[in-house]
Structure formats: C-alpha cells, structure tokens
file start-v2.pdb (PDB, C-alpha atoms)
ATOM      1  CA  MET A  27       0.000   0.000   0.000  1.00  0.00           C
ATOM      2  CA  GLY A  28       2.970   2.300   0.081  1.00  0.00           C
ATOM      3  CA  SER A  29       3.069   2.934  -3.687  1.00  0.00           C
ATOM      4  CA  PRO A  30       1.331   5.949  -5.273  1.00  0.00           C
ATOM      5  CA  GLN A  31      -0.704   3.560  -7.414  1.00  0.00           C
ATOM      6  CA  ALA A  32      -2.037   1.787  -4.284  1.00  0.00           C
ATOM      7  CA  GLY A  33      -3.042   5.170  -2.808  1.00  0.00           C
ATOM      8  CA  ALA A  34      -5.020   6.005  -5.961  1.00  0.00           C
ATOM      9  CA  VAL A  35      -6.830   2.666  -5.743  1.00  0.00           C
ATOM     10  CA  ASP A  36      -7.602   3.287  -2.069  1.00  0.00           C
ATOM     11  CA  ASP A  37      -9.004   6.747  -2.879  1.00  0.00           C
ATOM     12  CA  ARG A  38     -11.110   5.291  -5.674  1.00  0.00           C
ATOM     13  CA  LEU A  39     -12.431   2.521  -3.416  1.00  0.00           C
ATOM     14  CA  ARG A  40     -13.288   4.973  -0.641  1.00  0.00           C
ATOM     15  CA  SER A  41     -15.159   7.138  -3.105  1.00  0.00           C
ATOM     16  CA  MET A  42     -17.040   4.168  -4.566  1.00  0.00           C
ATOM     17  CA  ILE A  43     -18.005   2.850  -1.132  1.00  0.00           C
ATOM     18  CA  ALA A  44     -19.261   6.218   0.050  1.00  0.00           C
ATOM     19  CA  ASP A  45     -21.188   6.796  -3.171  1.00  0.00           C
ATOM     20  CA  GLN A  46     -22.829   3.376  -3.107  1.00  0.00           C
ATOM     21  CA  MET A  47     -23.738   3.218   0.586  1.00  0.00           C
ATOM     22  CA  LEU A  48     -27.416   2.894   1.352  1.00  0.00           C
ATOM     23  CA  GLU A  49     -27.051   5.492   4.095  1.00  0.00           C
ATOM     24  CA  ALA A  50     -27.287   9.126   3.125  1.00  0.00           C
ATOM     25  CA  ILE A  51     -23.974  10.972   3.360  1.00  0.00           C
ATOM     26  CA  ILE A  52     -24.061  14.742   3.179  1.00  0.00           C
ATOM     27  CA  PHE A  53     -21.107  17.097   3.464  1.00  0.00           C
ATOM     28  CA  VAL A  54     -21.711  20.805   4.082  1.00  0.00           C
ATOM     29  CA  ASP A  55     -19.109  23.564   4.044  1.00  0.00           C
ATOM     30  CA  PRO A  56     -18.797  25.990   6.998  1.00  0.00           C
ATOM     31  CA  GLU A  57     -21.222  28.394   5.296  1.00  0.00           C
ATOM     32  CA  GLY A  58     -23.952  25.741   5.231  1.00  0.00           C
ATOM     33  CA  THR A  59     -23.780  24.938   1.517  1.00  0.00           C
ATOM     34  CA  ILE A  60     -24.110  21.307   0.455  1.00  0.00           C
ATOM     35  CA  ARG A  61     -20.843  20.207  -1.194  1.00  0.00           C
ATOM     36  CA  TRP A  62     -21.306  16.433  -1.391  1.00  0.00           C
ATOM     37  CA  TRP A  63     -24.453  14.309  -1.650  1.00  0.00           C
ATOM     38  CA  ASN A  64     -24.220  10.545  -2.189  1.00  0.00           C
ATOM     39  CA  ARG A  65     -26.618   8.087  -3.801  1.00  0.00           C
ATOM     40  CA  GLY A  66     -28.126   7.218  -0.399  1.00  0.00           C
ATOM     41  CA  ALA A  67     -29.055  10.887   0.065  1.00  0.00           C
ATOM     42  CA  GLU A  68     -30.630  10.905  -3.388  1.00  0.00           C
ATOM     43  CA  VAL A  69     -32.797   7.913  -2.481  1.00  0.00           C
ATOM     44  CA  LEU A  70     -33.738   9.215   0.972  1.00  0.00           C
ATOM     45  CA  PHE A  71     -34.512  12.816   0.084  1.00  0.00           C
ATOM     46  CA  GLY A  72     -35.439  12.515  -3.596  1.00  0.00           C
ATOM     47  CA  PHE A  73     -33.042  15.223  -4.790  1.00  0.00           C
ATOM     48  CA  THR A  74     -30.272  14.224  -7.180  1.00  0.00           C
ATOM     49  CA  ALA A  75     -26.740  15.325  -6.350  1.00  0.00           C
ATOM     50  CA  ALA A  76     -27.010  17.862  -9.187  1.00  0.00           C
ATOM     51  CA  GLU A  77     -30.124  19.351  -7.516  1.00  0.00           C
ATOM     52  CA  ALA A  78     -28.667  19.407  -3.990  1.00  0.00           C
ATOM     53  CA  VAL A  79     -24.985  20.333  -4.337  1.00  0.00           C
ATOM     54  CA  GLY A  80     -24.526  24.088  -4.093  1.00  0.00           C
ATOM     55  CA  LYS A  81     -27.803  24.552  -2.196  1.00  0.00           C
ATOM     56  CA  SER A  82     -28.459  25.353   1.444  1.00  0.00           C
ATOM     57  CA  LEU A  83     -29.464  22.683   3.935  1.00  0.00           C
ATOM     58  CA  ASP A  84     -32.824  24.461   4.003  1.00  0.00           C
ATOM     59  CA  LEU A  85     -33.528  22.089   1.130  1.00  0.00           C
ATOM     60  CA  ILE A  86     -34.236  19.300   3.643  1.00  0.00           C
ATOM     61  CA  VAL A  87     -34.785  21.152   6.937  1.00  0.00           C
ATOM     62  CA  PRO A  88     -38.467  21.923   7.688  1.00  0.00           C
ATOM     63  CA  GLU A  89     -39.148  25.662   7.766  1.00  0.00           C
ATOM     64  CA  LYS A  90     -40.225  25.754  11.414  1.00  0.00           C
ATOM     65  CA  LEU A  91     -36.940  24.080  12.454  1.00  0.00           C
ATOM     66  CA  ARG A  92     -34.567  26.131  10.312  1.00  0.00           C
ATOM     67  CA  ARG A  93     -33.773  28.795  12.889  1.00  0.00           C
ATOM     68  CA  ALA A  94     -32.853  26.257  15.589  1.00  0.00           C
ATOM     69  CA  HIS A  95     -30.902  24.172  13.075  1.00  0.00           C
ATOM     70  CA  ASP A  96     -29.005  27.212  11.830  1.00  0.00           C
ATOM     71  CA  GLN A  97     -28.136  28.306  15.373  1.00  0.00           C
ATOM     72  CA  GLY A  98     -26.803  24.851  16.254  1.00  0.00           C
ATOM     73  CA  PHE A  99     -24.875  24.625  12.990  1.00  0.00           C
ATOM     74  CA  ARG A 100     -23.314  28.083  13.453  1.00  0.00           C
ATOM     75  CA  ARG A 101     -22.382  27.290  17.062  1.00  0.00           C
ATOM     76  CA  ALA A 102     -20.644  24.040  15.998  1.00  0.00           C
ATOM     77  CA  VAL A 103     -18.768  25.777  13.172  1.00  0.00           C
ATOM     78  CA  ALA A 104     -17.695  28.688  15.385  1.00  0.00           C
ATOM     79  CA  SER A 105     -16.533  26.501  18.276  1.00  0.00           C
ATOM     80  CA  GLY A 106     -15.180  23.604  16.244  1.00  0.00           C
ATOM     81  CA  HIS A 107     -17.135  21.193  18.470  1.00  0.00           C
ATOM     82  CA  LEU A 108     -20.391  19.292  18.292  1.00  0.00           C
ATOM     83  CA  HIS A 109     -21.664  20.032  21.759  1.00  0.00           C
ATOM     84  CA  LYS A 110     -24.704  17.786  22.165  1.00  0.00           C
ATOM     85  CA  THR A 111     -24.418  15.489  19.176  1.00  0.00           C
ATOM     86  CA  GLN A 112     -20.838  14.199  19.364  1.00  0.00           C
ATOM     87  CA  GLY A 113     -20.923  10.430  19.055  1.00  0.00           C
ATOM     88  CA  GLN A 114     -24.709  10.205  19.165  1.00  0.00           C
ATOM     89  CA  VAL A 115     -27.320   9.219  16.631  1.00  0.00           C
ATOM     90  CA  LEU A 116     -30.159  11.717  16.664  1.00  0.00           C
ATOM     91  CA  THR A 117     -33.579  11.305  15.128  1.00  0.00           C
ATOM     92  CA  THR A 118     -34.341  14.524  13.288  1.00  0.00           C
ATOM     93  CA  ARG A 119     -37.207  15.765  11.184  1.00  0.00           C
ATOM     94  CA  SER A 120     -36.518  16.396   7.520  1.00  0.00           C
ATOM     95  CA  LEU A 121     -38.347  16.960   4.263  1.00  0.00           C
ATOM     96  CA  ASN A 122     -38.004  15.174   0.982  1.00  0.00           C
ATOM     97  CA  LYS A 123     -38.222  16.686  -2.493  1.00  0.00           C
ATOM     98  CA  TYR A 124     -42.000  16.313  -2.517  1.00  0.00           C
ATOM     99  CA  GLY A 125     -42.532  18.010   0.851  1.00  0.00           C
ATOM    100  CA  ALA A 126     -43.237  14.805   2.777  1.00  0.00           C
ATOM    101  CA  ARG A 127     -42.093  14.760   6.390  1.00  0.00           C
ATOM    102  CA  LEU A 128     -39.336  12.278   7.169  1.00  0.00           C
ATOM    103  CA  TYR A 129     -37.699  11.194  10.384  1.00  0.00           C
ATOM    104  CA  VAL A 130     -34.009  10.521   9.863  1.00  0.00           C
ATOM    105  CA  ASP A 131     -31.460   8.995  12.228  1.00  0.00           C
ATOM    106  CA  PHE A 132     -28.368  11.150  11.718  1.00  0.00           C
ATOM    107  CA  ALA A 133     -24.842  10.939  13.089  1.00  0.00           C
ATOM    108  CA  PHE A 134     -22.913  14.196  12.673  1.00  0.00           C
ATOM    109  CA  GLY A 135     -19.222  14.961  12.569  1.00  0.00           C
ATOM    110  CA  LEU A 136     -16.828  17.805  11.891  1.00  0.00           C
ATOM    111  CA  LEU A 137     -14.292  17.299   9.129  1.00  0.00           C
ATOM    112  CA  LYS A 138     -10.945  18.967   9.811  1.00  0.00           C
ATOM    113  CA  ASP A 139      -7.751  19.055   7.773  1.00  0.00           C
ATOM    114  CA  GLU A 140      -4.330  17.924   8.988  1.00  0.00           C
ATOM    115  CA  ALA A 141      -3.733  21.297  10.661  1.00  0.00           C
ATOM    116  CA  GLY A 142      -7.073  21.141  12.505  1.00  0.00           C
ATOM    117  CA  ALA A 143      -8.858  23.731  10.356  1.00  0.00           C
ATOM    118  CA  LEU A 144     -12.560  23.043   9.926  1.00  0.00           C
ATOM    119  CA  LEU A 145     -13.495  22.005   6.400  1.00  0.00           C
ATOM    120  CA  GLY A 146     -17.162  21.418   7.114  1.00  0.00           C
ATOM    121  CA  VAL A 147     -19.784  19.210   8.691  1.00  0.00           C
ATOM    122  CA  TYR A 148     -20.826  15.762   7.534  1.00  0.00           C
ATOM    123  CA  ALA A 149     -23.897  13.743   8.363  1.00  0.00           C
ATOM    124  CA  VAL A 150     -24.646  10.084   7.816  1.00  0.00           C
ATOM    125  CA  GLY A 151     -28.343   9.309   7.891  1.00  0.00           C
ATOM    126  CA  ARG A 152     -30.880   6.538   7.576  1.00  0.00           C
ATOM    127  CA  ASP A 153     -34.650   6.715   7.177  1.00  0.00           C
ATOM    128  CA  ALA A 154     -36.338   6.216  10.559  1.00  0.00           C
ATOM    129  CA  THR A 155     -39.848   7.277   9.543  1.00  0.00           C
ATOM    130  CA  ALA A 156     -41.460   3.815   9.853  1.00  0.00           C
ATOM    131  CA  ARG A 157     -39.851   3.166  13.247  1.00  0.00           C
ATOM    132  CA  HIS A 158     -40.837   6.612  14.512  1.00  0.00           C
ATOM    133  CA  MET A 159     -44.446   6.160  13.386  1.00  0.00           C
ATOM    134  CA  GLN A 160     -44.588   2.744  15.113  1.00  0.00           C
ATOM    135  CA  GLU A 161     -43.296   4.337  18.327  1.00  0.00           C
ATOM    136  CA  VAL A 162     -45.901   7.105  18.114  1.00  0.00           C
ATOM    137  CA  ALA A 163     -48.678   4.551  17.475  1.00  0.00           C
ATOM    138  CA  ALA A 164     -47.532   2.502  20.487  1.00  0.00           C
ATOM    139  CA  GLN A 165     -47.538   5.636  22.681  1.00  0.00           C
ATOM    140  CA  VAL A 166     -51.062   6.549  21.535  1.00  0.00           C
ATOM    141  CA  GLN A 167     -52.244   2.990  22.180  1.00  0.00           C
ATOM    142  CA  GLN A 168     -50.715   3.062  25.665  1.00  0.00           C
ATOM    143  CA  GLN A 169     -52.360   6.424  26.431  1.00  0.00           C
ATOM    144  CA  GLN A 170     -55.733   5.101  25.234  1.00  0.00           C
ATOM    145  CA  ALA A 171     -55.381   2.011  27.424  1.00  0.00           C
ATOM    146  CA  GLN A 172     -54.501   4.183  30.421  1.00  0.00           C
ATOM    147  CA  ALA A 173     -57.499   6.431  29.756  1.00  0.00           C
ATOM    148  CA  ALA A 174     -59.822   3.405  29.495  1.00  0.00           C
ATOM    149  CA  ALA A 175     -58.466   1.974  32.764  1.00  0.00           C
ATOM    150  CA  ALA A 176     -58.948   5.333  34.497  1.00  0.00           C
ATOM    151  CA  ALA A 177     -62.529   5.531  33.181  1.00  0.00           C
ATOM    152  CA  GLN A 178     -63.246   2.035  34.543  1.00  0.00           C
ATOM    153  CA  GLN A 179     -61.844   3.033  37.939  1.00  0.00           C
ATOM    154  CA  ARG A 180     -64.001   6.172  38.001  1.00  0.00           C
ATOM    155  CA  GLU A 181     -67.106   4.121  37.130  1.00  0.00           C
ATOM    156  CA  ALA A 182     -66.329   1.574  39.840  1.00  0.00           C
ATOM    157  CA  LEU A 183     -65.962   4.362  42.402  1.00  0.00           C
ATOM    158  CA  ARG A 184     -69.187   5.988  41.218  1.00  0.00           C
ATOM    159  CA  CYS A 185     -71.080   2.717  41.718  1.00  0.00           C
ATOM    160  CA  ARG A 186     -69.632   2.156  45.196  1.00  0.00           C
ATOM    161  CA  CYS A 187     -70.374   5.718  46.246  1.00  0.00           C
ATOM    162  CA  ARG A 188     -74.084   5.695  45.310  1.00  0.00           C
ATOM    163  CA  PRO A 189     -76.176   7.001  48.148  1.00  0.00           C
ATOM    164  CA  HIS A 190     -77.548   4.354  50.493  1.00  0.00           C
ATOM    165  CA  SER A 191     -81.101   5.405  49.739  1.00  0.00           C
ATOM    166  CA  ALA A 192     -80.672   4.478  46.068  1.00  0.00           C
ATOM    167  CA  ARG A 193     -79.730   0.957  47.089  1.00  0.00           C
ATOM    168  CA  VAL A 194     -82.665   0.750  49.473  1.00  0.00           C
ATOM    169  CA  ALA A 195     -84.945   1.731  46.618  1.00  0.00           C
ATOM    170  CA  ARG A 196     -83.727  -1.354  44.725  1.00  0.00           C
ATOM    171  CA  GLY A 197     -84.742  -3.560  47.588  1.00  0.00           C
ATOM    172  CA  GLU A 198     -83.633  -4.786  50.963  1.00  0.00           C
ATOM    173  CA  ALA A 199     -82.257  -7.997  49.474  1.00  0.00           C
ATOM    174  CA  ALA A 200     -79.684  -6.089  47.444  1.00  0.00           C
ATOM    175  CA  LEU A 201     -78.400  -4.446  50.610  1.00  0.00           C
ATOM    176  CA  ARG A 202     -78.271  -7.688  52.630  1.00  0.00           C
ATOM    177  CA  HIS A 203     -76.246  -9.490  49.973  1.00  0.00           C
ATOM    178  CA  GLY A 204     -74.045  -6.524  48.994  1.00  0.00           C
ATOM    179  CA  PHE A 205     -75.216  -6.446  45.372  1.00  0.00           C
ATOM    180  CA  HIS A 206     -74.876  -3.271  43.350  1.00  0.00           C
ATOM    181  CA  ALA A 207     -77.814  -1.581  41.758  1.00  0.00           C
ATOM    182  CA  ARG A 208     -78.706  -3.031  38.354  1.00  0.00           C
ATOM    183  CA  SER A 209     -77.527   0.098  36.530  1.00  0.00           C
ATOM    184  CA  CYS A 210     -73.984  -0.381  37.823  1.00  0.00           C
ATOM    185  CA  PRO A 211     -71.763  -2.424  35.470  1.00  0.00           C
ATOM    186  CA  MET A 212     -69.750  -3.804  38.408  1.00  0.00           C
TER
END

call {"tool": "encode", "arguments": {"input": "start-v2.pdb", "output": "structure tokens"}}
result
Amino acid sequence: MGSPQAGAVDDRLRSMIADQMLEAIIFVDPEGTIRWWNRGAEVLFGFTAAEAVGKSLDLIVPEKLRRAHDQGFRRAVASGHLHKTQGQVLTTRSLNKYGARLYVDFAFGLLKDEAGALLGVYAVGRDATARHMQEVAAQVQQQQAQAAAAAQQREALRCRCRPHSARVARGEAALRHGFHARSCPM
C-alpha cells in the first residue's frame, strides 16, 4: 500500500463505497452549503446530487426548524465542536423533495484538515420514519389504554359511592347481599 498507485486505488475505493452506501452521506461547508451528496441521500430525500450540491441545507430542513438548526450549525462551526451530538445518533425531522415529512437517524461529525482547520460538517443518515411512526402509534395505544383503565376506575368508584337510599330503593335484598344496583356495570 505504500506505492502511489495503491493510494489512488484506495481513494477510488473509498469514493465508490461512500457513493454506493445505502445510508445518506451529506457534506456541508462551513457556510452551510451542500458540497457532497451521495446516492443514499438521493434515495432518501429525492433530490439528485445535481439538484442538492450548491444549495443550502434548508432544502431538507423543515421551515419551522430552520432557525434552531441554523443556530446549532453556526455554534458548531464557530466553536469547532459538536456540543450535544458528538458520538450520538439523533432522530431529526426532515423533508423530501416532494414536501413529505421524514424522520431521519443522523450521526454528525466535523471534518478537519491535517492542521485542525474546519473544512465542514458531515452527516450520515438513515430513514427512521417507519420506526418513529410505530413508536408514536404505540404511545397513543398506551395512552388510550390508560385512559380506558382510568374511566373504569371512576365508574367503579361511582357505583360504590351511590347514596344508600338508592340501594334501598332497589330492595332490601340487594343491601343484605351486597349487590350493586342493576344500573352499575360492576
């Protein structure tokens, strides 16, 4: 691997691997302009590299999140550090070419040259929309189950707390045997 020819092959292989990965790889310069967009990004977001390269990240960041995204991006570029995202995979909201909302698991990193100067920010992402929607559906289902259980508890308490005279009206036998009034589901 020490020969110049081996280095050229290694560079070519690295480029081919990155281009053919299923994961989206995006590289953005310090000004926030997309400089590299692989095939995985094309598939995930629907924009070809020709459509995305040279554009702002606003291309895939939902409008209501742009200000917060821009502040975080600027802070990372200015400090040279990823404060909250270093080494973590974050699920973020994004948009595709057709305006559909996506949830994307992204890992972010800062690319620096040999001298430590910041060249830009890269992100490697994978579609997490289906998983996110399943999680939301499970949360809704759990909340509905909790609400139903609470309603049953309230009804049980309501039946137990009926005034004594209402039970007497149903008959002395109901009181002697501890039965609830017929209208009570318990």

call {"tool": "residues_around", "arguments": {"input": "start-v2.pdb", "residues": "Tyr129 of chain A", "least_positions_apart": "2", "cutoff": "10 Å", "atoms": "only C-alpha atoms", "output": "VMD selection string"}}
result
chain A and resid 116 to 121 127 131 to 132 151 to 159

call {"tool": "atom_distance", "arguments": {"input": "start-v2.pdb", "atom1": "atom CA of Arg61 of chain A", "atom2": "atom CA of Val79 of chain A"}}
result
5.2 Å

call {"tool": "resolve_selection", "arguments": {"input": "start-v2.pdb", "expression": "the PyMOL selection byres ((chain A and resi 64-70) around 12)", "output": "JSON, numbers by chain"}}
result
{"A": [41, 42, 43, 44, 45, 46, 47, 48, 49, 50, 51, 52, 53, 60, 61, 62, 63, 71, 72, 73, 74, 75, 76, 77, 78, 79, 86, 120, 121, 122, 123, 124, 126, 127, 128, 129, 130, 131, 132, 148, 149, 150, 151, 152, 153, 154, 155]}

call {"tool": "residues_around", "arguments": {"input": "start-v2.pdb", "residues": "His109 of chain A", "least_positions_apart": "4", "cutoff": "12 Å", "atoms": "all atoms listed in the file", "output": "MDAnalysis selection string"}}
result
chainID A and resid 98:105 113:114 134:136

call {"tool": "atom_distance", "arguments": {"input": "start-v2.pdb", "atom1": "atom CA of Pro56 of chain A", "atom2": "atom CA of Gln97 of chain A"}}
result
12.8 Å

call {"tool": "atom_distance", "arguments": {"input": "start-v2.pdb", "atom1": "atom CA of Leu137 of chain A", "atom2": "atom CA of Leu91 of chain A"}}
result
23.9 Å

call {"tool": "closest_residue", "arguments": {"input": "start-v2.pdb", "among": "A:Gln170, A:Gln179, A:Thr111, A:Ser82", "to": "Gly58 of chain A", "atoms": "only C-alpha atoms"}}
result
A:Ser82

call {"tool": "axis_aligned_box", "arguments": {"input": "start-v2.pdb", "around": "segment 33-49 of chain A", "padding_each_side": "8 Å", "output": "JSON"}}
result
{"center_x": -15.2, "center_y": 4.8, "center_z": -0.9, "size_x": 40.4, "size_y": 20.6, "size_z": 26.1}

call {"tool": "decode", "arguments": {"input": "start-v2.pdb", "residues": "segment 34-62 of chain A", "atoms": "N, CA, C and O atoms", "output": "PDB file, in the first residue's frame"}}
result
ATOM      1  N   ALA A  34      -3.969   5.626  -5.017  1.00  0.00           N
ATOM      2  CA  ALA A  34      -5.020   6.005  -5.961  1.00  0.00           C
ATOM      3  C   ALA A  34      -6.152   4.983  -5.932  1.00  0.00           C
ATOM      4  O   ALA A  34      -7.324   5.343  -5.996  1.00  0.00           O
ATOM      5  N   VAL A  35      -5.806   3.709  -5.824  1.00  0.00           N
ATOM      6  CA  VAL A  35      -6.830   2.666  -5.743  1.00  0.00           C
ATOM      7  C   VAL A  35      -7.621   2.830  -4.451  1.00  0.00           C
ATOM      8  O   VAL A  35      -8.846   2.723  -4.443  1.00  0.00           O
ATOM      9  N   ASP A  36      -6.920   3.092  -3.348  1.00  0.00           N
ATOM     10  CA  ASP A  36      -7.602   3.287  -2.069  1.00  0.00           C
ATOM     11  C   ASP A  36      -8.565   4.467  -2.148  1.00  0.00           C
ATOM     12  O   ASP A  36      -9.695   4.381  -1.670  1.00  0.00           O
ATOM     13  N   ASP A  37      -8.137   5.577  -2.736  1.00  0.00           N
ATOM     14  CA  ASP A  37      -9.004   6.747  -2.879  1.00  0.00           C
ATOM     15  C   ASP A  37     -10.233   6.413  -3.716  1.00  0.00           C
ATOM     16  O   ASP A  37     -11.345   6.814  -3.402  1.00  0.00           O
ATOM     17  N   ARG A  38     -10.009   5.669  -4.791  1.00  0.00           N
ATOM     18  CA  ARG A  38     -11.110   5.291  -5.674  1.00  0.00           C
ATOM     19  C   ARG A  38     -12.095   4.378  -4.933  1.00  0.00           C
ATOM     20  O   ARG A  38     -13.301   4.548  -5.030  1.00  0.00           O
ATOM     21  N   LEU A  39     -11.565   3.414  -4.182  1.00  0.00           N
ATOM     22  CA  LEU A  39     -12.431   2.521  -3.416  1.00  0.00           C
ATOM     23  C   LEU A  39     -13.233   3.277  -2.365  1.00  0.00           C
ATOM     24  O   LEU A  39     -14.434   3.035  -2.205  1.00  0.00           O
ATOM     25  N   ARG A  40     -12.587   4.171  -1.648  1.00  0.00           N
ATOM     26  CA  ARG A  40     -13.288   4.973  -0.641  1.00  0.00           C
ATOM     27  C   ARG A  40     -14.420   5.763  -1.279  1.00  0.00           C
ATOM     28  O   ARG A  40     -15.532   5.817  -0.754  1.00  0.00           O
ATOM     29  N   SER A  41     -14.146   6.360  -2.404  1.00  0.00           N
ATOM     30  CA  SER A  41     -15.159   7.138  -3.105  1.00  0.00           C
ATOM     31  C   SER A  41     -16.322   6.248  -3.558  1.00  0.00           C
ATOM     32  O   SER A  41     -17.490   6.615  -3.412  1.00  0.00           O
ATOM     33  N   MET A  42     -15.996   5.083  -4.108  1.00  0.00           N
ATOM     34  CA  MET A  42     -17.040   4.168  -4.566  1.00  0.00           C
ATOM     35  C   MET A  42     -17.893   3.670  -3.408  1.00  0.00           C
ATOM     36  O   MET A  42     -19.126   3.595  -3.519  1.00  0.00           O
ATOM     37  N   ILE A  43     -17.263   3.336  -2.301  1.00  0.00           N
ATOM     38  CA  ILE A  43     -18.005   2.850  -1.132  1.00  0.00           C
ATOM     39  C   ILE A  43     -18.949   3.932  -0.628  1.00  0.00           C
ATOM     40  O   ILE A  43     -20.139   3.678  -0.411  1.00  0.00           O
ATOM     41  N   ALA A  44     -18.436   5.123  -0.455  1.00  0.00           N
ATOM     42  CA  ALA A  44     -19.261   6.218   0.050  1.00  0.00           C
ATOM     43  C   ALA A  44     -20.407   6.540  -0.905  1.00  0.00           C
ATOM     44  O   ALA A  44     -21.527   6.818  -0.471  1.00  0.00           O
ATOM     45  N   ASP A  45     -20.143   6.503  -2.198  1.00  0.00           N
ATOM     46  CA  ASP A  45     -21.188   6.796  -3.171  1.00  0.00           C
ATOM     47  C   ASP A  45     -22.259   5.725  -3.213  1.00  0.00           C
ATOM     48  O   ASP A  45     -23.420   6.014  -3.480  1.00  0.00           O
ATOM     49  N   GLN A  46     -21.888   4.477  -2.957  1.00  0.00           N
ATOM     50  CA  GLN A  46     -22.829   3.376  -3.107  1.00  0.00           C
ATOM     51  C   GLN A  46     -23.482   2.934  -1.793  1.00  0.00           C
ATOM     52  O   GLN A  46     -24.323   2.039  -1.799  1.00  0.00           O
ATOM     53  N   MET A  47     -23.123   3.563  -0.700  1.00  0.00           N
ATOM     54  CA  MET A  47     -23.738   3.218   0.586  1.00  0.00           C
ATOM     55  C   MET A  47     -25.238   3.488   0.548  1.00  0.00           C
ATOM     56  O   MET A  47     -25.693   4.422  -0.106  1.00  0.00           O
ATOM     57  N   LEU A  48     -25.974   2.675   1.252  1.00  0.00           N
ATOM     58  CA  LEU A  48     -27.416   2.894   1.352  1.00  0.00           C
ATOM     59  C   LEU A  48     -27.738   4.076   2.255  1.00  0.00           C
ATOM     60  O   LEU A  48     -28.764   4.724   2.092  1.00  0.00           O
ATOM     61  N   GLU A  49     -26.862   4.356   3.211  1.00  0.00           N
ATOM     62  CA  GLU A  49     -27.051   5.492   4.095  1.00  0.00           C
ATOM     63  C   GLU A  49     -26.783   6.784   3.334  1.00  0.00           C
ATOM     64  O   GLU A  49     -25.941   6.833   2.443  1.00  0.00           O
ATOM     65  N   ALA A  50     -27.513   7.817   3.714  1.00  0.00           N
ATOM     66  CA  ALA A  50     -27.287   9.126   3.125  1.00  0.00           C
ATOM     67  C   ALA A  50     -26.022   9.718   3.731  1.00  0.00           C
ATOM     68  O   ALA A  50     -25.830   9.674   4.948  1.00  0.00           O
ATOM     69  N   ILE A  51     -25.154  10.244   2.884  1.00  0.00           N
ATOM     70  CA  ILE A  51     -23.974  10.972   3.360  1.00  0.00           C
ATOM     71  C   ILE A  51     -24.037  12.359   2.746  1.00  0.00           C
ATOM     72  O   ILE A  51     -24.122  12.508   1.523  1.00  0.00           O
ATOM     73  N   ILE A  52     -23.989  13.348   3.622  1.00  0.00           N
ATOM     74  CA  ILE A  52     -24.061  14.742   3.179  1.00  0.00           C
ATOM     75  C   ILE A  52     -22.875  15.471   3.790  1.00  0.00           C
ATOM     76  O   ILE A  52     -22.598  15.326   4.982  1.00  0.00           O
ATOM     77  N   PHE A  53     -22.193  16.255   2.964  1.00  0.00           N
ATOM     78  CA  PHE A  53     -21.107  17.097   3.464  1.00  0.00           C
ATOM     79  C   PHE A  53     -21.467  18.545   3.156  1.00  0.00           C
ATOM     80  O   PHE A  53     -21.851  18.881   2.029  1.00  0.00           O
ATOM     81  N   VAL A  54     -21.348  19.396   4.185  1.00  0.00           N
ATOM     82  CA  VAL A  54     -21.711  20.805   4.082  1.00  0.00           C
ATOM     83  C   VAL A  54     -20.509  21.646   4.471  1.00  0.00           C
ATOM     84  O   VAL A  54     -19.836  21.356   5.461  1.00  0.00           O
ATOM     85  N   ASP A  55     -20.232  22.691   3.703  1.00  0.00           N
ATOM     86  CA  ASP A  55     -19.109  23.564   4.044  1.00  0.00           C
ATOM     87  C   ASP A  55     -19.475  24.444   5.242  1.00  0.00           C
ATOM     88  O   ASP A  55     -20.624  24.455   5.681  1.00  0.00           O
ATOM     89  N   PRO A  56     -18.517  25.182   5.810  1.00  0.00           N
ATOM     90  CA  PRO A  56     -18.797  25.990   6.998  1.00  0.00           C
ATOM     91  C   PRO A  56     -19.863  27.072   6.801  1.00  0.00           C
ATOM     92  O   PRO A  56     -20.435  27.563   7.771  1.00  0.00           O
ATOM     93  N   GLU A  57     -20.174  27.409   5.560  1.00  0.00           N
ATOM     94  CA  GLU A  57     -21.222  28.394   5.296  1.00  0.00           C
ATOM     95  C   GLU A  57     -22.607  27.758   5.216  1.00  0.00           C
ATOM     96  O   GLU A  57     -23.607  28.446   5.059  1.00  0.00           O
ATOM     97  N   GLY A  58     -22.670  26.428   5.275  1.00  0.00           N
ATOM     98  CA  GLY A  58     -23.952  25.741   5.231  1.00  0.00           C
ATOM     99  C   GLY A  58     -24.388  25.329   3.834  1.00  0.00           C
ATOM    100  O   GLY A  58     -25.542  24.974   3.623  1.00  0.00           O
ATOM    101  N   THR A  59     -23.471  25.327   2.893  1.00  0.00           N
ATOM    102  CA  THR A  59     -23.780  24.938   1.517  1.00  0.00           C
ATOM    103  C   THR A  59     -23.424  23.472   1.312  1.00  0.00           C
ATOM    104  O   THR A  59     -22.330  23.033   1.680  1.00  0.00           O
ATOM    105  N   ILE A  60     -24.340  22.731   0.721  1.00  0.00           N
ATOM    106  CA  ILE A  60     -24.110  21.307   0.455  1.00  0.00           C
ATOM    107  C   ILE A  60     -23.019  21.179  -0.598  1.00  0.00           C
ATOM    108  O   ILE A  60     -23.107  21.755  -1.675  1.00  0.00           O
ATOM    109  N   ARG A  61     -21.969  20.415  -0.286  1.00  0.00           N
ATOM    110  CA  ARG A  61     -20.843  20.207  -1.194  1.00  0.00           C
ATOM    111  C   ARG A  61     -20.732  18.768  -1.686  1.00  0.00           C
ATOM    112  O   ARG A  61     -20.104  18.519  -2.703  1.00  0.00           O
ATOM    113  N   TRP A  62     -21.338  17.821  -0.944  1.00  0.00           N
ATOM    114  CA  TRP A  62     -21.306  16.433  -1.391  1.00  0.00           C
ATOM    115  C   TRP A  62     -22.589  15.754  -0.951  1.00  0.00           C
ATOM    116  O   TRP A  62     -23.081  15.967   0.170  1.00  0.00           O
TER     117      TRP A  62
END
